[in-house]
>>> print(open('run28.csv').read())   # CSV, N, CA and C atoms
chain,number,residue,atom,x,y,z
A,19,MET,N,-88.4,153.5,57.9
A,19,MET,CA,-89.3,154.1,57.0
A,19,MET,C,-89.6,153.3,55.8
A,20,LYS,N,-88.6,152.5,55.4
A,20,LYS,CA,-88.8,151.7,54.2
A,20,LYS,C,-89.8,150.5,54.4
A,21,ASN,N,-89.9,150.0,55.7
A,21,ASN,CA,-90.7,148.9,56.0
A,21,ASN,C,-92.1,149.3,56.6
A,22,GLU,N,-92.5,150.5,56.3
A,22,GLU,CA,-93.8,151.0,56.8
A,22,GLU,C,-95.0,150.3,56.1
A,23,SER,N,-96.0,150.0,56.9
A,23,SER,CA,-97.2,149.4,56.3
A,23,SER,C,-98.1,150.4,55.8
A,24,VAL,N,-99.0,150.0,54.9
A,24,VAL,CA,-100.1,150.9,54.4
A,24,VAL,C,-100.9,151.5,55.5
A,25,LYS,N,-101.2,150.7,56.5
A,25,LYS,CA,-102.0,151.1,57.7
A,25,LYS,C,-101.3,152.3,58.4
A,26,THR,N,-99.9,152.1,58.6
A,26,THR,CA,-99.2,153.2,59.3
A,26,THR,C,-99.2,154.5,58.5
A,27,LEU,N,-99.0,154.3,57.2
A,27,LEU,CA,-99.0,155.5,56.3
A,27,LEU,C,-100.4,156.2,56.3
A,28,GLU,N,-101.4,155.4,56.3
A,28,GLU,CA,-102.8,155.9,56.3
A,28,GLU,C,-103.1,156.6,57.6
A,29,LEU,N,-102.6,156.1,58.7
A,29,LEU,CA,-102.8,156.8,60.0
A,29,LEU,C,-102.0,158.1,60.0
A,30,ARG,N,-100.8,158.2,59.5
A,30,ARG,CA,-100.1,159.4,59.5
A,30,ARG,C,-100.8,160.4,58.6
A,31,ARG,N,-101.3,160.0,57.4
A,31,ARG,CA,-102.0,160.8,56.5
A,31,ARG,C,-103.3,161.4,57.2
A,32,ALA,N,-104.0,160.5,57.9
A,32,ALA,CA,-105.2,161.0,58.6
A,32,ALA,C,-104.9,162.0,59.6
A,33,ALA,N,-103.8,161.9,60.3
A,33,ALA,CA,-103.4,162.9,61.3
A,33,ALA,C,-103.1,164.2,60.6
A,34,LEU,N,-102.5,164.2,59.5
A,34,LEU,CA,-102.2,165.4,58.7
A,34,LEU,C,-103.5,166.1,58.2
A,35,LEU,N,-104.4,165.2,57.8
A,35,LEU,CA,-105.7,165.8,57.3
A,35,LEU,C,-106.5,166.4,58.4
A,36,LYS,N,-106.4,165.9,59.7
A,36,LYS,CA,-107.0,166.5,60.8
A,36,LYS,C,-106.4,167.9,61.1
A,37,GLU,N,-105.0,167.9,61.0
A,37,GLU,CA,-104.3,169.2,61.2
A,37,GLU,C,-104.7,170.2,60.1
A,38,LEU,N,-105.0,169.7,58.9
A,38,LEU,CA,-105.4,170.6,57.8
A,38,LEU,C,-106.7,171.2,58.1
A,39,ALA,N,-107.6,170.5,58.9
A,39,ALA,CA,-108.9,171.0,59.2
A,39,ALA,C,-108.8,172.2,60.2
A,40,THR,N,-107.7,172.4,60.8
A,40,THR,CA,-107.6,173.5,61.8
A,40,THR,C,-107.0,174.8,61.2
A,41,ILE,N,-106.9,174.8,59.9
A,41,ILE,CA,-106.3,176.0,59.3
A,41,ILE,C,-107.2,177.2,59.4
A,42,GLY,N,-106.6,178.3,59.7
A,42,GLY,CA,-107.4,179.6,59.8
A,42,GLY,C,-107.3,180.4,58.5
A,43,PRO,N,-107.5,181.7,58.6
A,43,PRO,CA,-107.4,182.6,57.4
A,43,PRO,C,-106.0,182.5,56.8
A,44,LEU,N,-105.9,182.7,55.5
A,44,LEU,CA,-104.6,182.7,54.9
A,44,LEU,C,-104.6,183.5,53.6
A,45,VAL,N,-103.5,183.9,53.2
A,45,VAL,CA,-103.3,184.7,51.9
A,45,VAL,C,-102.2,184.1,51.2
A,46,GLN,N,-102.4,183.8,49.9
A,46,GLN,CA,-101.4,183.2,49.0
A,46,GLN,C,-100.5,184.4,48.5
A,47,ALA,N,-99.5,184.7,49.4
A,47,ALA,CA,-98.6,185.7,49.1
A,47,ALA,C,-97.4,185.7,50.0
A,48,SER,N,-96.4,186.4,49.7
A,48,SER,CA,-95.2,186.5,50.6
A,48,SER,C,-95.3,187.9,51.4
A,49,PHE,N,-95.1,187.9,52.7
A,49,PHE,CA,-95.1,189.1,53.5
A,49,PHE,C,-93.7,189.6,53.5
A,50,CYS,N,-93.5,190.8,53.0
A,50,CYS,CA,-92.1,191.4,52.9
A,50,CYS,C,-92.0,192.8,53.5
A,51,GLU,N,-90.8,193.0,54.0
A,51,GLU,CA,-90.5,194.4,54.5
A,51,GLU,C,-89.6,195.0,53.5
A,52,ARG,N,-89.9,196.3,53.1
A,52,ARG,CA,-89.1,197.0,52.2
A,52,ARG,C,-88.6,198.3,52.8
A,53,THR,N,-87.4,198.7,52.4
A,53,THR,CA,-86.9,200.0,52.8
A,53,THR,C,-87.2,201.0,51.7
A,54,VAL,N,-87.6,202.2,52.1
A,54,VAL,CA,-88.1,203.2,51.1
A,54,VAL,C,-87.4,204.6,51.5
A,55,ARG,N,-87.0,205.3,50.5
A,55,ARG,CA,-86.6,206.7,50.6
A,55,ARG,C,-87.6,207.6,50.0
A,56,CYS,N,-88.0,208.6,50.8
A,56,CYS,CA,-89.2,209.4,50.4
A,56,CYS,C,-88.8,210.5,49.4
A,57,GLY,N,-87.5,210.9,49.4
A,57,GLY,CA,-87.0,211.9,48.5
A,57,GLY,C,-86.9,213.3,49.1
A,58,ASN,N,-87.4,213.4,50.4
A,58,ASN,CA,-87.2,214.7,51.1
A,58,ASN,C,-85.8,214.8,51.6
A,59,PRO,N,-85.1,215.9,51.1
A,59,PRO,CA,-83.7,216.0,51.6
A,59,PRO,C,-83.5,216.2,53.1
A,60,ALA,N,-84.5,216.7,53.8
A,60,ALA,CA,-84.4,217.0,55.2
A,60,ALA,C,-84.8,215.7,56.0
A,61,CYS,N,-85.3,214.7,55.4
A,61,CYS,CA,-85.8,213.5,56.1
A,61,CYS,C,-84.6,212.7,56.6
A,62,ARG,N,-84.9,211.9,57.6
A,62,ARG,CA,-83.9,210.9,58.1
A,62,ARG,C,-83.5,209.9,57.1
A,63,CYS,N,-84.4,209.6,56.1
A,63,CYS,CA,-84.0,208.5,55.1
A,63,CYS,C,-82.9,209.1,54.2
A,64,ALA,N,-82.8,210.4,54.1
A,64,ALA,CA,-81.8,210.9,53.2
A,64,ALA,C,-80.4,210.8,53.9
A,65,GLN,N,-80.4,210.7,55.2
A,65,GLN,CA,-79.2,210.5,56.0
A,65,GLN,C,-78.8,209.0,56.1
A,66,GLY,N,-79.6,208.1,55.5
A,66,GLY,CA,-79.2,206.7,55.6
A,66,GLY,C,-80.1,205.8,56.4
A,67,GLU,N,-81.1,206.4,57.0
A,67,GLU,CA,-82.1,205.6,57.9
A,67,GLU,C,-83.4,205.5,57.1
A,68,PRO,N,-83.6,204.6,56.2
A,68,PRO,CA,-84.8,204.6,55.4
A,68,PRO,C,-86.1,204.2,56.1
A,69,HIS,N,-87.2,204.6,55.5
A,69,HIS,CA,-88.5,204.2,56.1
A,69,HIS,C,-88.7,202.7,55.8
A,70,ARG,N,-89.6,202.1,56.6
A,70,ARG,CA,-90.0,200.7,56.4
A,70,ARG,C,-91.4,200.7,55.9
A,71,ALA,N,-91.6,199.8,54.9
A,71,ALA,CA,-92.9,199.6,54.3
A,71,ALA,C,-93.1,198.1,54.3
A,72,TYR,N,-94.3,197.7,54.6
A,72,TYR,CA,-94.7,196.2,54.5
A,72,TYR,C,-95.6,196.0,53.4
A,73,VAL,N,-95.3,194.9,52.6
A,73,VAL,CA,-96.1,194.6,51.5
A,73,VAL,C,-96.3,193.1,51.3
A,74,LEU,N,-97.4,192.7,50.6
A,74,LEU,CA,-97.6,191.4,50.2
A,74,LEU,C,-97.2,191.3,48.7
A,75,THR,N,-96.5,190.3,48.3
A,75,THR,CA,-96.1,190.1,46.9
A,75,THR,C,-96.7,188.7,46.5
A,76,ARG,N,-97.1,188.6,45.3
A,76,ARG,CA,-97.6,187.4,44.7
A,76,ARG,C,-97.5,187.5,43.2
A,77,LYS,N,-97.6,186.3,42.6
A,77,LYS,CA,-97.6,186.3,41.1
A,77,LYS,C,-99.0,186.3,40.6
A,78,VAL,N,-99.3,187.2,39.6
A,78,VAL,CA,-100.5,187.2,38.9
A,78,VAL,C,-100.2,187.2,37.4
A,79,ARG,N,-100.6,186.1,36.8
A,79,ARG,CA,-100.4,185.9,35.3
A,79,ARG,C,-98.9,186.2,35.0
A,80,GLY,N,-98.0,185.6,35.8
A,80,GLY,CA,-96.6,185.7,35.5
A,80,GLY,C,-95.9,187.0,36.0
A,81,LYS,N,-96.6,187.9,36.5
A,81,LYS,CA,-96.0,189.2,36.9
A,81,LYS,C,-96.2,189.3,38.4
A,82,THR,N,-95.3,190.0,39.1
A,82,THR,CA,-95.3,190.2,40.5
A,82,THR,C,-96.3,191.3,40.8
A,83,ALA,N,-97.3,191.0,41.7
A,83,ALA,CA,-98.2,192.0,42.1
A,83,ALA,C,-97.9,192.3,43.6
A,84,THR,N,-98.0,193.6,44.0
A,84,THR,CA,-97.6,194.0,45.3
A,84,THR,C,-98.8,194.8,45.9
A,85,THR,N,-99.1,194.4,47.2
A,85,THR,CA,-100.2,195.1,47.9
A,85,THR,C,-99.6,195.7,49.2
A,86,HIS,N,-99.8,197.0,49.4
A,86,HIS,CA,-99.4,197.6,50.7
A,86,HIS,C,-100.2,197.0,51.9
A,87,VAL,N,-99.5,196.8,53.0
A,87,VAL,CA,-100.1,196.3,54.2
A,87,VAL,C,-100.1,197.4,55.2
A,88,PRO,N,-101.3,197.9,55.6
A,88,PRO,CA,-101.4,199.0,56.6
A,88,PRO,C,-100.8,198.6,58.0
A,89,ARG,N,-100.3,199.5,58.8
A,89,ARG,CA,-99.7,199.2,60.0
A,89,ARG,C,-100.6,198.4,61.0
A,90,ASP,N,-101.9,198.7,61.0
A,90,ASP,CA,-102.7,198.0,62.0
A,90,ASP,C,-103.0,196.6,61.6
A,91,LEU,N,-102.7,196.2,60.3
A,91,LEU,CA,-102.9,194.8,59.9
A,91,LEU,C,-101.6,194.0,59.8
A,92,ARG,N,-100.5,194.6,60.0
A,92,ARG,CA,-99.2,193.9,59.8
A,92,ARG,C,-99.1,192.5,60.4
A,93,GLU,N,-99.4,192.4,61.7
A,93,GLU,CA,-99.2,191.1,62.4
A,93,GLU,C,-100.2,190.1,61.9
A,94,GLU,N,-101.4,190.6,61.7
A,94,GLU,CA,-102.5,189.7,61.2
A,94,GLU,C,-102.2,189.1,59.8
A,95,VAL,N,-101.8,190.0,58.9
A,95,VAL,CA,-101.4,189.6,57.5
A,95,VAL,C,-100.2,188.7,57.5
A,96,ARG,N,-99.2,189.0,58.4
A,96,ARG,CA,-98.1,188.1,58.5
A,96,ARG,C,-98.5,186.7,58.9
A,97,SER,N,-99.4,186.6,59.8
A,97,SER,CA,-99.9,185.2,60.2
A,97,SER,C,-100.6,184.6,59.1
A,98,TRP,N,-101.4,185.3,58.3
A,98,TRP,CA,-102.1,184.7,57.1
A,98,TRP,C,-101.1,184.2,56.1
A,99,ALA,N,-100.0,184.9,55.9
A,99,ALA,CA,-99.0,184.4,54.9
A,99,ALA,C,-98.3,183.2,55.5
A,100,GLU,N,-98.0,183.1,56.8
A,100,GLU,CA,-97.4,182.0,57.4
A,100,GLU,C,-98.4,180.8,57.4
A,101,GLU,N,-99.7,181.0,57.5
A,101,GLU,CA,-100.6,180.0,57.5
A,101,GLU,C,-100.7,179.4,56.1
A,102,TYR,N,-100.5,180.2,55.0
A,102,TYR,CA,-100.5,179.7,53.7
A,102,TYR,C,-99.3,178.8,53.5
A,103,ARG,N,-98.1,179.2,54.0
A,103,ARG,CA,-96.9,178.3,53.9
A,103,ARG,C,-97.2,177.0,54.6
A,104,ARG,N,-97.8,177.0,55.8
A,104,ARG,CA,-98.1,175.8,56.5
A,104,ARG,C,-99.1,174.9,55.7
A,105,VAL,N,-100.1,175.5,55.1
A,105,VAL,CA,-101.0,174.7,54.3
A,105,VAL,C,-100.2,174.0,53.1
A,106,LYS,N,-99.4,174.8,52.4
A,106,LYS,CA,-98.6,174.2,51.4
A,106,LYS,C,-97.7,173.0,51.8
A,107,GLN,N,-97.1,173.2,53.0
A,107,GLN,CA,-96.3,172.1,53.6
A,107,GLN,C,-97.1,170.9,53.9
A,108,LEU,N,-98.3,171.1,54.5
A,108,LEU,CA,-99.2,170.0,54.9
A,108,LEU,C,-99.7,169.3,53.6
A,109,LEU,N,-100.0,170.0,52.6
A,109,LEU,CA,-100.5,169.4,51.3
A,109,LEU,C,-99.4,168.6,50.7
A,110,ARG,N,-98.2,169.1,50.7
A,110,ARG,CA,-97.0,168.4,50.2
A,110,ARG,C,-96.8,167.0,51.0
A,111,GLN,N,-96.9,167.1,52.3
A,111,GLN,CA,-96.7,165.9,53.1
A,111,GLN,C,-97.8,164.9,52.9
A,112,ILE,N,-99.1,165.4,52.8
A,112,ILE,CA,-100.2,164.5,52.5
A,112,ILE,C,-100.1,163.8,51.1
A,113,SER,N,-99.7,164.6,50.1
A,113,SER,CA,-99.5,164.1,48.8
A,113,SER,C,-98.4,163.0,48.8
A,114,ASP,N,-97.3,163.3,49.5
A,114,ASP,CA,-96.1,162.4,49.5
A,114,ASP,C,-96.6,161.0,50.2
A,115,LEU,N,-97.3,161.1,51.3
A,115,LEU,CA,-97.8,159.9,51.9
A,115,LEU,C,-98.8,159.1,51.0
A,116,SER,N,-99.6,159.8,50.3
A,116,SER,CA,-100.5,159.2,49.4
A,116,SER,C,-99.8,158.4,48.3
A,117,ASP,N,-98.7,159.1,47.8
A,117,ASP,CA,-97.9,158.5,46.7
A,117,ASP,C,-97.2,157.3,47.3
A,118,ARG,N,-96.7,157.3,48.5
A,118,ARG,CA,-96.0,156.1,49.1
A,118,ARG,C,-97.0,155.0,49.3
A,119,ILE,N,-98.3,155.3,49.7
A,119,ILE,CA,-99.3,154.3,49.8
A,119,ILE,C,-99.6,153.6,48.5
A,120,ILE,N,-99.7,154.4,47.4
A,120,ILE,CA,-99.9,153.8,46.1
A,120,ILE,C,-98.7,152.9,45.7
A,121,ARG,N,-97.5,153.4,45.9
A,121,ARG,CA,-96.3,152.6,45.5
A,121,ARG,C,-96.2,151.3,46.3
A,122,LEU,N,-96.5,151.4,47.6
A,122,LEU,CA,-96.5,150.2,48.5
A,122,LEU,C,-97.5,149.2,48.0
A,123,HIS,N,-98.7,149.7,47.7
A,123,HIS,CA,-99.8,148.9,47.2
A,123,HIS,C,-99.4,148.1,46.0
A,124,VAL,N,-98.8,148.9,45.0
A,124,VAL,CA,-98.4,148.3,43.7
A,124,VAL,C,-97.3,147.2,44.0
A,125,ARG,N,-96.3,147.6,44.8
A,125,ARG,CA,-95.3,146.6,45.1
A,125,ARG,C,-95.8,145.4,45.8
A,126,THR,N,-96.7,145.5,46.7
A,126,THR,CA,-97.4,144.4,47.4
A,126,THR,C,-98.2,143.6,46.5
A,127,SER,N,-99.0,144.2,45.7
A,127,SER,CA,-99.9,143.4,44.8
A,127,SER,C,-99.0,142.7,43.7
A,128,ARG,N,-97.9,143.2,43.3
A,128,ARG,CA,-97.0,142.5,42.4
A,128,ARG,C,-96.4,141.3,43.1
A,129,ALA,N,-96.0,141.5,44.3
A,129,ALA,CA,-95.4,140.4,45.1
A,129,ALA,C,-96.4,139.3,45.3
A,130,VAL,N,-97.6,139.6,45.6
A,130,VAL,CA,-98.7,138.6,45.7
A,130,VAL,C,-98.9,137.9,44.4
A,131,ALA,N,-98.9,138.6,43.3
A,131,ALA,CA,-99.1,138.0,42.0
A,131,ALA,C,-98.0,137.1,41.6
A,132,ARG,N,-96.8,137.5,42.0
A,132,ARG,CA,-95.6,136.6,41.7
A,132,ARG,C,-95.7,135.3,42.5
A,133,ASN,N,-96.0,135.5,43.8
A,133,ASN,CA,-96.2,134.3,44.6
A,133,ASN,C,-97.3,133.4,44.2
A,134,ARG,N,-98.4,133.9,43.7
A,134,ARG,CA,-99.5,133.2,43.2
A,134,ARG,C,-99.1,132.4,41.9
A,135,ASP,N,-98.3,133.1,41.1
A,135,ASP,CA,-97.8,132.4,39.9
A,135,ASP,C,-96.8,131.2,40.2
A,136,ARG,N,-96.0,131.5,41.2
A,136,ARG,CA,-95.1,130.4,41.7
A,136,ARG,C,-95.8,129.2,42.2
A,137,VAL,N,-96.8,129.5,43.0
A,137,VAL,CA,-97.6,128.4,43.6
A,137,VAL,C,-98.3,127.6,42.5
A,138,ARG,N,-98.9,128.3,41.6
A,138,ARG,CA,-99.6,127.6,40.4
A,138,ARG,C,-98.6,126.8,39.6
A,139,ALA,N,-97.4,127.3,39.4
A,139,ALA,CA,-96.4,126.6,38.6
A,139,ALA,C,-95.9,125.4,39.4
A,140,THR,N,-95.8,125.5,40.7
A,140,THR,CA,-95.4,124.4,41.6
A,140,THR,C,-96.5,123.3,41.5
A,141,ARG,N,-97.7,123.7,41.6
A,141,ARG,CA,-98.8,122.8,41.6
A,141,ARG,C,-98.9,122.0,40.3
A,142,ARG,N,-98.7,122.8,39.2
A,142,ARG,CA,-98.8,122.2,37.9
A,142,ARG,C,-97.6,121.1,37.7
A,143,SER,N,-96.4,121.5,38.1
A,143,SER,CA,-95.3,120.6,38.0
A,143,SER,C,-95.5,119.4,38.9
A,144,SER,N,-95.9,119.6,40.1
A,144,SER,CA,-96.1,118.5,41.0
A,144,SER,C,-97.3,117.6,40.6
A,145,THR,N,-98.3,118.2,40.0
A,145,THR,CA,-99.5,117.4,39.5
A,145,THR,C,-99.0,116.6,38.3
A,146,GLY,N,-98.2,117.3,37.4
A,146,GLY,CA,-97.7,116.6,36.2
A,146,GLY,C,-96.8,115.4,36.6
A,147,GLU,N,-96.0,115.5,37.6
A,147,GLU,CA,-95.1,114.4,37.9
A,147,GLU,C,-95.9,113.3,38.5
A,148,CYS,N,-96.9,113.6,39.3
A,148,CYS,CA,-97.7,112.5,39.8
A,148,CYS,C,-98.5,111.8,38.8
A,149,SER,N,-99.0,112.5,37.8
A,149,SER,CA,-99.8,111.8,36.7
A,149,SER,C,-98.9,111.0,35.9
A,150,ASP,N,-97.6,111.4,35.6
A,150,ASP,CA,-96.7,110.7,34.9
A,150,ASP,C,-96.3,109.4,35.6
A,151,THR,N,-96.1,109.5,36.9
A,151,THR,CA,-95.7,108.3,37.7
A,151,THR,C,-96.8,107.3,37.7
A,152,THR,N,-98.1,107.8,37.8
A,152,THR,CA,-99.2,107.0,37.9
A,152,THR,C,-99.4,106.2,36.6
A,153,SER,N,-99.2,106.9,35.5
A,153,SER,CA,-99.5,106.3,34.2
A,153,SER,C,-98.4,105.3,33.9
A,154,GLN,N,-97.1,105.5,34.4
A,154,GLN,CA,-96.1,104.5,34.2
A,154,GLN,C,-96.3,103.3,35.0
A,155,GLY,N,-96.9,103.4,36.1
A,155,GLY,CA,-97.1,102.3,37.0
A,155,GLY,C,-98.2,101.4,36.5
A,156,SER,N,-99.1,101.8,35.7
A,156,SER,CA,-100.2,101.0,35.2
A,156,SER,C,-99.8,100.1,34.1
>>> encode(input="run28.csv", output="structure tokens")
Amino acid sequence: MKNESVKTLELRRAALLKELATIGPLVQASFCERTVRCGNPACRCAQGEPHRAYVLTRKVRGKTATTHVPRDLREEVRSWAEEYRRVKQLLRQISDLSDRIIRLHVRTSRAVARNRDRVRATRRSSTGECSDTTSQGS
């Protein structure tokens, strides 16, 4: 992984971008199941078997907002929340690859500059020695 080329990283990033294009509907929230007691003393929930409620939770201006999910939409809404998590993960991976491409480019360009400086220094020193030798021989 450390010796990956920019081209390899760009190919991996392109594959993730293609996968991102296949994203379907999503919702920026967490799908949760809650247990609820209705308060009716004759109900089964009073005996310890609570009702189940499904909700979406999300942050709105720093506070948790909750939305009830109707029974007929449960599986669909669950898949929307999972799709949002998938998008977040893909975006994180794409961003990480982009960061690695930048870092590799910087490291490579610095190495090229160092080598260029070394070559120039070598040429100057070798040119300087030749001219000194030539002037001494005359």
>>> residues_around(input="run28.csv", residues="Val45 (chain A)", least_positions_apart="4", cutoff="7 Å", atoms="only N, CA and C atoms", output="number ranges by chain")
A: 97-103
>>> residues_near_point(input="run28.csv", point="(-87.4, 203.0, 58.5)", cutoff="8 Å", atoms="all atoms listed in the file", output="list in words")
Arg52, Thr53, Val54, Cys63, Glu67, Pro68, His69, Arg70 and Ala71 of chain A
>>> write_last_selection(input="run28.csv", atoms="N, CA and C atoms", output="PDB file, keeping the file's coordinate frame")
ATOM      1  N   ARG A  52     -89.900 196.300  53.100  1.00  0.00           N
ATOM      2  CA  ARG A  52     -89.100 197.000  52.200  1.00  0.00           C
ATOM      3  C   ARG A  52     -88.600 198.300  52.800  1.00  0.00           C
ATOM      4  N   THR A  53     -87.400 198.700  52.400  1.00  0.00           N
ATOM      5  CA  THR A  53     -86.900 200.000  52.800  1.00  0.00           C
ATOM      6  C   THR A  53     -87.200 201.000  51.700  1.00  0.00           C
ATOM      7  N   VAL A  54     -87.600 202.200  52.100  1.00  0.00           N
ATOM      8  CA  VAL A  54     -88.100 203.200  51.100  1.00  0.00           C
ATOM      9  C   VAL A  54     -87.400 204.600  51.500  1.00  0.00           C
ATOM     10  N   CYS A  63     -84.400 209.600  56.100  1.00  0.00           N
ATOM     11  CA  CYS A  63     -84.000 208.500  55.100  1.00  0.00           C
ATOM     12  C   CYS A  63     -82.900 209.100  54.200  1.00  0.00           C
ATOM     13  N   GLU A  67     -81.100 206.400  57.000  1.00  0.00           N
ATOM     14  CA  GLU A  67     -82.100 205.600  57.900  1.00  0.00           C
ATOM     15  C   GLU A  67     -83.400 205.500  57.100  1.00  0.00           C
ATOM     16  N   PRO A  68     -83.600 204.600  56.200  1.00  0.00           N
ATOM     17  CA  PRO A  68     -84.800 204.600  55.400  1.00  0.00           C
ATOM     18  C   PRO A  68     -86.100 204.200  56.100  1.00  0.00           C
ATOM     19  N   HIS A  69     -87.200 204.600  55.500  1.00  0.00           N
ATOM     20  CA  HIS A  69     -88.500 204.200  56.100  1.00  0.00           C
ATOM     21  C   HIS A  69     -88.700 202.700  55.800  1.00  0.00           C
ATOM     22  N   ARG A  70     -89.600 202.100  56.600  1.00  0.00           N
ATOM     23  CA  ARG A  70     -90.000 200.700  56.400  1.00  0.00           C
ATOM     24  C   ARG A  70     -91.400 200.700  55.900  1.00  0.00           C
ATOM     25  N   ALA A  71     -91.600 199.800  54.900  1.00  0.00           N
ATOM     26  CA  ALA A  71     -92.900 199.600  54.300  1.00  0.00           C
ATOM     27  C   ALA A  71     -93.100 198.100  54.300  1.00  0.00           C
TER      28      ALA A  71
END
>>> select_by_dssp(input="run28.csv", residues="chain A", states="helix (DSSP H, G or I)", output="number ranges by chain")
A: 24-38, 62-65, 89-155
>>> residues_around(input="run28.csv", residues="region 19-34 of chain A", least_positions_apart="6", cutoff="7 Å", atoms="all atoms listed in the file", output="PyMOL selection string")
chain A and resi 108+111-112+115-116+119+122-123
>>> atom_distance(input="run28.csv", atom1="CA of Cys50 (chain A)", atom2="CA of Leu74 (chain A)")
6.1 Å
>>> select_by_dssp(input="run28.csv", residues="chain A", states="strand (DSSP E)", output="VMD selection string")
chain A and resid 48 to 54 69 to 78 81 to 86
>>> write_last_selection(input="run28.csv", atoms="N, CA and C atoms", output="PDB file, in the coordinates of the input")
ATOM      1  N   SER A  48     -96.400 186.400  49.700  1.00  0.00           N
ATOM      2  CA  SER A  48     -95.200 186.500  50.600  1.00  0.00           C
ATOM      3  C   SER A  48     -95.300 187.900  51.400  1.00  0.00           C
ATOM      4  N   PHE A  49     -95.100 187.900  52.700  1.00  0.00           N
ATOM      5  CA  PHE A  49     -95.100 189.100  53.500  1.00  0.00           C
ATOM      6  C   PHE A  49     -93.700 189.600  53.500  1.00  0.00           C
ATOM      7  N   CYS A  50     -93.500 190.800  53.000  1.00  0.00           N
ATOM      8  CA  CYS A  50     -92.100 191.400  52.900  1.00  0.00           C
ATOM      9  C   CYS A  50     -92.000 192.800  53.500  1.00  0.00           C
ATOM     10  N   GLU A  51     -90.800 193.000  54.000  1.00  0.00           N
ATOM     11  CA  GLU A  51     -90.500 194.400  54.500  1.00  0.00           C
ATOM     12  C   GLU A  51     -89.600 195.000  53.500  1.00  0.00           C
ATOM     13  N   ARG A  52     -89.900 196.300  53.100  1.00  0.00           N
ATOM     14  CA  ARG A  52     -89.100 197.000  52.200  1.00  0.00           C
ATOM     15  C   ARG A  52     -88.600 198.300  52.800  1.00  0.00           C
ATOM     16  N   THR A  53     -87.400 198.700  52.400  1.00  0.00           N
ATOM     17  CA  THR A  53     -86.900 200.000  52.800  1.00  0.00           C
ATOM     18  C   THR A  53     -87.200 201.000  51.700  1.00  0.00           C
ATOM     19  N   VAL A  54     -87.600 202.200  52.100  1.00  0.00           N
ATOM     20  CA  VAL A  54     -88.100 203.200  51.100  1.00  0.00           C
ATOM     21  C   VAL A  54     -87.400 204.600  51.500  1.00  0.00           C
ATOM     22  N   HIS A  69     -87.200 204.600  55.500  1.00  0.00           N
ATOM     23  CA  HIS A  69     -88.500 204.200  56.100  1.00  0.00           C
ATOM     24  C   HIS A  69     -88.700 202.700  55.800  1.00  0.00           C
ATOM     25  N   ARG A  70     -89.600 202.100  56.600  1.00  0.00           N
ATOM     26  CA  ARG A  70     -90.000 200.700  56.400  1.00  0.00           C
ATOM     27  C   ARG A  70     -91.400 200.700  55.900  1.00  0.00           C
ATOM     28  N   ALA A  71     -91.600 199.800  54.900  1.00  0.00           N
ATOM     29  CA  ALA A  71     -92.900 199.600  54.300  1.00  0.00           C
ATOM     30  C   ALA A  71     -93.100 198.100  54.300  1.00  0.00           C
ATOM     31  N   TYR A  72     -94.300 197.700  54.600  1.00  0.00           N
ATOM     32  CA  TYR A  72     -94.700 196.200  54.500  1.00  0.00           C
ATOM     33  C   TYR A  72     -95.600 196.000  53.400  1.00  0.00           C
ATOM     34  N   VAL A  73     -95.300 194.900  52.600  1.00  0.00           N
ATOM     35  CA  VAL A  73     -96.100 194.600  51.500  1.00  0.00           C
ATOM     36  C   VAL A  73     -96.300 193.100  51.300  1.00  0.00           C
ATOM     37  N   LEU A  74     -97.400 192.700  50.600  1.00  0.00           N
ATOM     38  CA  LEU A  74     -97.600 191.400  50.200  1.00  0.00           C
ATOM     39  C   LEU A  74     -97.200 191.300  48.700  1.00  0.00           C
ATOM     40  N   THR A  75     -96.500 190.300  48.300  1.00  0.00           N
ATOM     41  CA  THR A  75     -96.100 190.100  46.900  1.00  0.00           C
ATOM     42  C   THR A  75     -96.700 188.700  46.500  1.00  0.00           C
ATOM     43  N   ARG A  76     -97.100 188.600  45.300  1.00  0.00           N
ATOM     44  CA  ARG A  76     -97.600 187.400  44.700  1.00  0.00           C
ATOM     45  C   ARG A  76     -97.500 187.500  43.200  1.00  0.00           C
ATOM     46  N   LYS A  77     -97.600 186.300  42.600  1.00  0.00           N
ATOM     47  CA  LYS A  77     -97.600 186.300  41.100  1.00  0.00           C
ATOM     48  C   LYS A  77     -99.000 186.300  40.600  1.00  0.00           C
ATOM     49  N   VAL A  78     -99.300 187.200  39.600  1.00  0.00           N
ATOM     50  CA  VAL A  78    -100.500 187.200  38.900  1.00  0.00           C
ATOM     51  C   VAL A  78    -100.200 187.200  37.400  1.00  0.00           C
ATOM     52  N   LYS A  81     -96.600 187.900  36.500  1.00  0.00           N
ATOM     53  CA  LYS A  81     -96.000 189.200  36.900  1.00  0.00           C
ATOM     54  C   LYS A  81     -96.200 189.300  38.400  1.00  0.00           C
ATOM     55  N   THR A  82     -95.300 190.000  39.100  1.00  0.00           N
ATOM     56  CA  THR A  82     -95.300 190.200  40.500  1.00  0.00           C
ATOM     57  C   THR A  82     -96.300 191.300  40.800  1.00  0.00           C
ATOM     58  N   ALA A  83     -97.300 191.000  41.700  1.00  0.00           N
ATOM     59  CA  ALA A  83     -98.200 192.000  42.100  1.00  0.00           C
ATOM     60  C   ALA A  83     -97.900 192.300  43.600  1.00  0.00           C
ATOM     61  N   THR A  84     -98.000 193.600  44.000  1.00  0.00           N
ATOM     62  CA  THR A  84     -97.600 194.000  45.300  1.00  0.00           C
ATOM     63  C   THR A  84     -98.800 194.800  45.900  1.00  0.00           C
ATOM     64  N   THR A  85     -99.100 194.400  47.200  1.00  0.00           N
ATOM     65  CA  THR A  85    -100.200 195.100  47.900  1.00  0.00           C
ATOM     66  C   THR A  85     -99.600 195.700  49.200  1.00  0.00           C
ATOM     67  N   HIS A  86     -99.800 197.000  49.400  1.00  0.00           N
ATOM     68  CA  HIS A  86     -99.400 197.600  50.700  1.00  0.00           C
ATOM     69  C   HIS A  86    -100.200 197.000  51.900  1.00  0.00           C
TER      70      HIS A  86
END
>>> atom_distance(input="run28.csv", atom1="CA of Ser48 (chain A)", atom2="atom N of Arg76 (chain A)")
6.0 Å
